[in-house]
Protein chains: 2
Amino acid sequence: MISQALALLDEAGPDAVTIRAVARRAHVSHAAPANHFPDRTALLTALATDLFQMFEQDVEQALAVAKPSYRARTYMEALLNFGLDHPHRYALMWRRDLLDWNDLALNTRMESLYAGFVHEVAILPKQAGRDPHTLAIALWSMVHGYIALRLSGVFEDRRDEVSGDARTTAMLDLLLAS
Amino acid sequence: MISQALALLDEAGPDAVTIRAVARRAHVSHAAPANHFPDRTALLTALATDLFQMFEQDVEQALAVAKPSYRARTYMEALLNFGLDHPHRYALMWRRDLLDWNDLALNTRMESLYAGFVHEVAILPKQAGRDPHTLAIALWSMVHGYIALRLSGVFEDRRDEVSGDARTTAMLDLLLAS
DNA sequence: CATTCAATGTTGTCAGTGTCAATATAGAAA
DNA sequence: TTTCTATATTGACACTGACAACATTGAATG
């Protein structure tokens, strides 16, 4: 069920992940999914939970080969890569109206992801007296906002791919330097 | 038509702004809106265009009474206030799947808004040799990301309203200081 | 004033959707 | 062999966006 939902998501975005479309793709009647997920929100929530888990694996993999002084930065670059490589997945993961934000499994994944990032930020050097949460939120916000705006197409006609990545690097430099 | 759509948007979010609901609210048959908007996307695009215009007026008003050295910051605070005060409006304005991103009127509004911000950033002091676009994108991304994450409810249970605003201030300080 | 015609509104229909109810089936547990 | 739980199916309902056919209205034109 979820694997078919993921395929639909990648192909045509969250809107295309309909119960009936998933059922068709699984060669099953339109009401069969109801036995596994009470409603569409539950299906999408389960899918998003898996996506958070997949992303966390990406991060762990990237951190494993990262220089000790670049761990926070590696974290952000992993987020950036995930978002730009899988726009539909990224979009779904933050769509409050489509997910059950009170779901335990989903919350656990999100907390774990965020806690990992805060930890990397907290062990950054030159943290003298500064609240790591504030810095973590600022950094996360910037990366999230940049991905969201790029996926919205806002920056699309203002620069090409290559210079965009260069700008991203410059942005991270800017904030981390401070 | 649009005023009813706005009312529905504020009450129950973008999903509630359906052609038929707008028609019902206007005491008109379900197909009447088709004479003014070819499809739902066109209706939502027109609504979003108006929202961008309304936001620009907010900004102008705020800038009119802002200290000369705080103009860029005022801009960002206006964005933040708009997003947090009108979550549904803000959400619609960046929903690529619901709007016609090639619409001329919408693009004009967005360009104008962005150009105004880049201008304020460009005239900031201590700009020595730095690309104002990079700084503008970084700042805009951070504010946008922060709003998006707060509206997603990610930060919800991590701090209360007041300290959240304090944190926002701290974030802006952080980035502008650099 | 009468006619024309473009703008706008109405009714009816279609396929697609989420959700529910009633029913069927299969397979493990007893 | 029987029972019962998990799962699948069929059918229905209300809702949606979209289209087609038709009605109304009112201003411009002769």
# chains A, B, ... in the order shown; residues from 1 in each chain; ligands from 1
call {"tool": "closest_atom_pairs", "arguments": {"of": "chain B", "to": "chain A", "cutoff": "6 Å", "atoms": "only C-alpha atoms", "output": "Markdown table"}}
result
| residue | atom | partner | partner_atom | distance |
| --- | --- | --- | --- | --- |
| B:Arg96 | CA | A:Ser152 | CA | 5.4 |
| B:Ala138 | CA | A:Met171 | CA | 5.8 |
| B:Ser141 | CA | A:Gly145 | CA | 4.3 |
| B:Met142 | CA | A:Met142 | CA | 3.7 |
| B:His144 | CA | A:Gly145 | CA | 5.1 |
| B:Gly145 | CA | A:Gly145 | CA | 3.5 |
| B:Tyr146 | CA | A:Ser141 | CA | 4.7 |
| B:Ser152 | CA | A:Arg96 | CA | 5.4 |
| B:Met171 | CA | A:Ala138 | CA | 5.8 |
| B:Ser178 | CA | A:Ser178 | CA | 5.3 |
call {"tool": "interface_residues", "arguments": {"of": "chain D", "to": "chain A", "cutoff": "7 Å", "atoms": "only C-alpha atoms (C1' of nucleotides)", "output": "ChimeraX atom specification"}}
result
/D:7-9
call {"tool": "write_last_selection", "arguments": {"atoms": "N, CA and C atoms (P, O5', C5', C4', C3', O3' and C1' of nucleotides)", "output": "PDB file, in the first residue's frame"}}
result
ATOM      1  P    DT D   7      -5.370  -7.757   8.394  1.00  0.00           P
ATOM      2  O5'  DT D   7      -6.181  -7.836   7.022  1.00  0.00           O
ATOM      3  C5'  DT D   7      -5.854  -8.856   6.091  1.00  0.00           C
ATOM      4  C4'  DT D   7      -6.930  -8.971   5.053  1.00  0.00           C
ATOM      5  C3'  DT D   7      -7.102  -7.750   4.155  1.00  0.00           C
ATOM      6  O3'  DT D   7      -6.549  -8.052   2.890  1.00  0.00           O
ATOM      7  C1'  DT D   7      -9.172  -8.796   4.711  1.00  0.00           C
ATOM      8  P    DA D   8      -6.555  -6.952   1.726  1.00  0.00           P
ATOM      9  O5'  DA D   8      -7.862  -7.322   0.898  1.00  0.00           O
ATOM     10  C5'  DA D   8      -7.969  -8.611   0.298  1.00  0.00           C
ATOM     11  C4'  DA D   8      -9.315  -8.744  -0.384  1.00  0.00           C
ATOM     12  C3'  DA D   8      -9.666  -7.610  -1.345  1.00  0.00           C
ATOM     13  O3'  DA D   8      -9.896  -8.139  -2.635  1.00  0.00           O
ATOM     14  C1'  DA D   8     -11.453  -8.019   0.179  1.00  0.00           C
ATOM     15  P    DT D   9     -10.344  -7.128  -3.817  1.00  0.00           P
ATOM     16  O5'  DT D   9     -11.927  -7.135  -3.724  1.00  0.00           O
ATOM     17  C5'  DT D   9     -12.640  -8.370  -3.824  1.00  0.00           C
ATOM     18  C4'  DT D   9     -14.138  -8.112  -3.818  1.00  0.00           C
ATOM     19  C3'  DT D   9     -14.589  -7.016  -4.781  1.00  0.00           C
ATOM     20  O3'  DT D   9     -15.462  -7.590  -5.743  1.00  0.00           O
ATOM     21  C1'  DT D   9     -15.566  -6.737  -2.610  1.00  0.00           C
TER      22       DT D   9
END
call {"tool": "residues_around", "arguments": {"residues": "region 50-67 of chain B", "least_positions_apart": "6", "cutoff": "7 Å", "atoms": "only C-alpha atoms (C1' of nucleotides)", "output": "list in words"}}
result
Thr74, Tyr75, Ala78, Arg109, Met110 and Leu113 of chain B
call {"tool": "write_last_selection", "arguments": {"atoms": "C-alpha atoms", "output": "PDB file, in the first residue's frame"}}
result
ATOM      1  CA  THR B  74      10.646  46.304   9.168  1.00  0.00           C
ATOM      2  CA  TYR B  75      10.022  44.538   5.895  1.00  0.00           C
ATOM      3  CA  ALA B  78       5.774  42.824   8.306  1.00  0.00           C
ATOM      4  CA  ARG B 109       2.871  41.393  -7.707  1.00  0.00           C
ATOM      5  CA  MET B 110       5.456  38.898  -6.568  1.00  0.00           C
ATOM      6  CA  LEU B 113       7.294  42.594  -3.589  1.00  0.00           C
TER       7      LEU B 113
END
call {"tool": "residues_around", "arguments": {"residues": "DA22 (chain C)", "least_positions_apart": "5", "cutoff": "12 Å", "atoms": "only C-alpha atoms (C1' of nucleotides)", "output": "list in words"}}
result
DT9, DT10, DG11 and DA12 of chain D
call {"tool": "write_last_selection", "arguments": {"atoms": "N, CA and C atoms (P, O5', C5', C4', C3', O3' and C1' of nucleotides)", "output": "short mmCIF file (atom, residue, chain, number, x, y, z; two decimals), in the first residue's frame"}}
result
data_model
loop_
_atom_site.label_atom_id
_atom_site.label_comp_id
_atom_site.auth_asym_id
_atom_site.auth_seq_id
_atom_site.Cartn_x
_atom_site.Cartn_y
_atom_site.Cartn_z
P DT D 9 -10.34 -7.13 -3.82
"O5'" DT D 9 -11.93 -7.13 -3.72
"C5'" DT D 9 -12.64 -8.37 -3.82
"C4'" DT D 9 -14.14 -8.11 -3.82
"C3'" DT D 9 -14.59 -7.02 -4.78
"O3'" DT D 9 -15.46 -7.59 -5.74
"C1'" DT D 9 -15.57 -6.74 -2.61
P DT D 10 -15.84 -6.77 -7.06
"O5'" DT D 10 -17.30 -6.22 -6.73
"C5'" DT D 10 -18.26 -7.10 -6.12
"C4'" DT D 10 -19.43 -6.31 -5.57
"C3'" DT D 10 -19.94 -5.18 -6.47
"O3'" DT D 10 -21.32 -5.42 -6.74
"C1'" DT D 10 -19.66 -4.41 -4.23
P DG D 11 -22.09 -4.49 -7.79
"O5'" DG D 11 -22.74 -3.38 -6.84
"C5'" DG D 11 -23.46 -3.79 -5.68
"C4'" DG D 11 -23.81 -2.60 -4.82
"C3'" DG D 11 -24.25 -1.35 -5.59
"O3'" DG D 11 -25.51 -0.94 -5.10
"C1'" DG D 11 -22.64 -0.79 -3.95
P DA D 12 -26.37 0.15 -5.91
"O5'" DA D 12 -26.30 1.42 -4.96
"C5'" DA D 12 -26.75 1.27 -3.62
"C4'" DA D 12 -26.15 2.35 -2.75
"C3'" DA D 12 -26.44 3.77 -3.21
"O3'" DA D 12 -27.44 4.32 -2.36
"C1'" DA D 12 -24.17 3.49 -2.42
#
call {"tool": "interface_residues", "arguments": {"of": "chain C", "to": "chain B", "cutoff": "8 Å", "atoms": "only C-alpha atoms (C1' of nucleotides)", "output": "list in words"}}
result
DT8, DG9 and DT10 of chain C
call {"tool": "select_by_dssp", "arguments": {"residues": "region 5-169 of chain A", "states": "helix (DSSP H, G or I)", "output": "PyMOL selection string"}}
result
chain A and resi 5-12+14-16+19-25+32-35+40-64+68-85+87-93+104-122+132-152+156-158+161-169
call {"tool": "write_last_selection", "arguments": {"atoms": "C-alpha atoms", "output": "CSV table (one decimal), in the first residue's frame"}}
result
chain,number,residue,atom,x,y,z
A,5,ALA,CA,1.5,5.5,-2.5
A,6,LEU,CA,5.2,6.5,-2.6
A,7,ALA,CA,5.3,5.8,-6.3
A,8,LEU,CA,2.3,7.9,-6.9
A,9,LEU,CA,3.7,10.7,-4.8
A,10,ASP,CA,7.0,10.8,-6.7
A,11,GLU,CA,5.2,10.8,-10.0
A,12,ALA,CA,2.5,13.4,-9.5
A,14,PRO,CA,0.5,14.6,-2.9
A,15,ASP,CA,-2.7,15.3,-4.7
A,16,ALA,CA,-2.3,12.2,-6.8
A,19,ILE,CA,-7.0,6.1,-1.8
A,20,ARG,CA,-8.6,4.9,-5.0
A,21,ALA,CA,-5.5,5.5,-7.1
A,22,VAL,CA,-3.4,3.5,-4.6
A,23,ALA,CA,-5.9,0.7,-4.7
A,24,ARG,CA,-5.9,0.6,-8.5
A,25,ARG,CA,-2.1,0.5,-8.5
A,32,ALA,CA,-9.6,-2.4,0.3
A,33,PRO,CA,-7.2,0.1,1.8
A,34,ALA,CA,-9.8,1.0,4.4
A,35,ASN,CA,-8.8,-2.2,6.3
A,40,ARG,CA,-6.7,9.2,3.6
A,41,THR,CA,-5.0,11.3,6.3
A,42,ALA,CA,-3.9,8.1,8.0
A,43,LEU,CA,-2.4,6.7,4.8
A,44,LEU,CA,-0.5,9.9,4.1
A,45,THR,CA,0.7,10.2,7.7
A,46,ALA,CA,2.1,6.7,7.5
A,47,LEU,CA,3.8,7.5,4.3
A,48,ALA,CA,5.2,10.8,5.7
A,49,THR,CA,6.5,8.9,8.7
A,50,ASP,CA,8.4,6.6,6.4
A,51,LEU,CA,9.8,9.5,4.6
A,52,PHE,CA,11.1,11.1,7.8
A,53,GLN,CA,12.8,7.8,8.5
A,54,MET,CA,14.3,7.6,5.1
A,55,PHE,CA,15.6,11.1,5.4
A,56,GLU,CA,17.1,10.4,8.8
A,57,GLN,CA,19.0,7.5,7.2
A,58,ASP,CA,20.3,9.9,4.6
A,59,VAL,CA,21.6,12.2,7.3
A,60,GLU,CA,23.3,9.4,9.2
A,61,GLN,CA,25.0,8.2,6.1
A,62,ALA,CA,26.2,11.7,5.3
A,63,LEU,CA,27.3,12.3,8.9
A,64,ALA,CA,29.3,9.1,9.0
A,68,PRO,CA,33.9,16.6,12.7
A,69,SER,CA,33.8,20.4,12.3
A,70,TYR,CA,31.2,20.1,9.4
A,71,ARG,CA,28.5,18.0,11.1
A,72,ALA,CA,25.9,20.7,11.4
A,73,ARG,CA,26.6,21.9,7.9
A,74,THR,CA,26.4,18.3,6.6
A,75,TYR,CA,23.0,18.0,8.3
A,76,MET,CA,21.7,21.1,6.5
A,77,GLU,CA,23.2,20.0,3.2
A,78,ALA,CA,21.5,16.6,3.5
A,79,LEU,CA,18.2,18.4,4.1
A,80,LEU,CA,18.7,20.6,1.1
A,81,ASN,CA,19.6,17.7,-1.1
A,82,PHE,CA,16.6,15.7,0.1
A,83,GLY,CA,14.3,18.5,-0.6
A,84,LEU,CA,15.6,19.4,-4.0
A,85,ASP,CA,16.0,15.7,-5.1
A,87,PRO,CA,10.3,17.8,-4.1
A,88,HIS,CA,7.0,15.9,-3.8
A,89,ARG,CA,8.2,14.0,-0.8
A,90,TYR,CA,9.5,17.1,0.9
A,91,ALA,CA,6.2,18.9,0.2
A,92,LEU,CA,4.1,16.2,1.7
A,93,MET,CA,6.2,16.1,4.9
A,104,LEU,CA,2.6,9.4,17.7
A,105,ALA,CA,4.9,7.7,15.1
A,106,LEU,CA,5.1,10.8,13.0
A,107,ASN,CA,5.9,13.0,16.0
A,108,THR,CA,8.5,10.6,17.2
A,109,ARG,CA,10.3,10.7,13.9
A,110,MET,CA,10.2,14.5,13.7
A,111,GLU,CA,11.3,15.0,17.3
A,112,SER,CA,14.2,12.6,16.7
A,113,LEU,CA,15.2,14.4,13.5
A,114,TYR,CA,15.1,17.8,15.2
A,115,ALA,CA,16.9,16.7,18.3
A,116,GLY,CA,19.7,15.3,16.2
A,117,PHE,CA,20.1,18.7,14.5
A,118,VAL,CA,20.0,20.7,17.7
A,119,HIS,CA,22.7,18.5,19.1
A,120,GLU,CA,25.0,19.1,16.2
A,121,VAL,CA,24.4,22.8,16.5
A,122,ALA,CA,25.0,22.8,20.2
A,132,PRO,CA,21.5,26.7,20.7
A,133,HIS,CA,17.8,26.4,20.1
A,134,THR,CA,17.6,29.9,18.7
A,135,LEU,CA,20.5,29.2,16.3
A,136,ALA,CA,19.1,25.8,15.4
A,137,ILE,CA,15.7,27.3,14.6
A,138,ALA,CA,17.3,30.1,12.6
A,139,LEU,CA,19.4,27.6,10.6
A,140,TRP,CA,16.6,25.2,10.1
A,141,SER,CA,14.2,27.9,9.1
A,142,MET,CA,16.6,29.3,6.5
A,143,VAL,CA,17.2,25.9,4.9
A,144,HIS,CA,13.5,25.0,5.0
A,145,GLY,CA,12.5,28.4,3.6
A,146,TYR,CA,15.0,28.2,0.9
A,147,ILE,CA,13.8,24.8,-0.2
A,148,ALA,CA,10.2,25.8,0.0
A,149,LEU,CA,10.8,28.9,-2.0
A,150,ARG,CA,12.8,27.0,-4.6
A,151,LEU,CA,10.1,24.3,-4.9
A,152,SER,CA,7.5,27.0,-5.2
A,156,GLU,CA,13.3,29.8,-10.7
A,157,ASP,CA,13.9,32.5,-13.3
A,158,ARG,CA,16.4,34.4,-11.3
A,161,GLU,CA,21.1,25.5,-11.0
A,162,VAL,CA,24.8,25.9,-10.6
A,163,SER,CA,24.8,29.4,-9.3
A,164,GLY,CA,21.9,28.5,-7.1
A,165,ASP,CA,24.0,25.9,-5.4
A,166,ALA,CA,26.8,28.4,-5.1
A,167,ARG,CA,24.4,30.8,-3.5
A,168,THR,CA,23.2,28.1,-1.1
A,169,THR,CA,26.8,27.6,-0.1
call {"tool": "residues_around", "arguments": {"residues": "region 4-7 of chain C", "least_positions_apart": "6", "cutoff": "12 Å", "atoms": "only C-alpha atoms (C1' of nucleotides)", "output": "ChimeraX atom specification"}}
result
/B:32,35-36 /D:24-30
call {"tool": "atom_distance", "arguments": {"atom1": "CA of Asp39 (chain B)", "atom2": "C1' of DG16 (chain C)"}}
result
16.4 Å
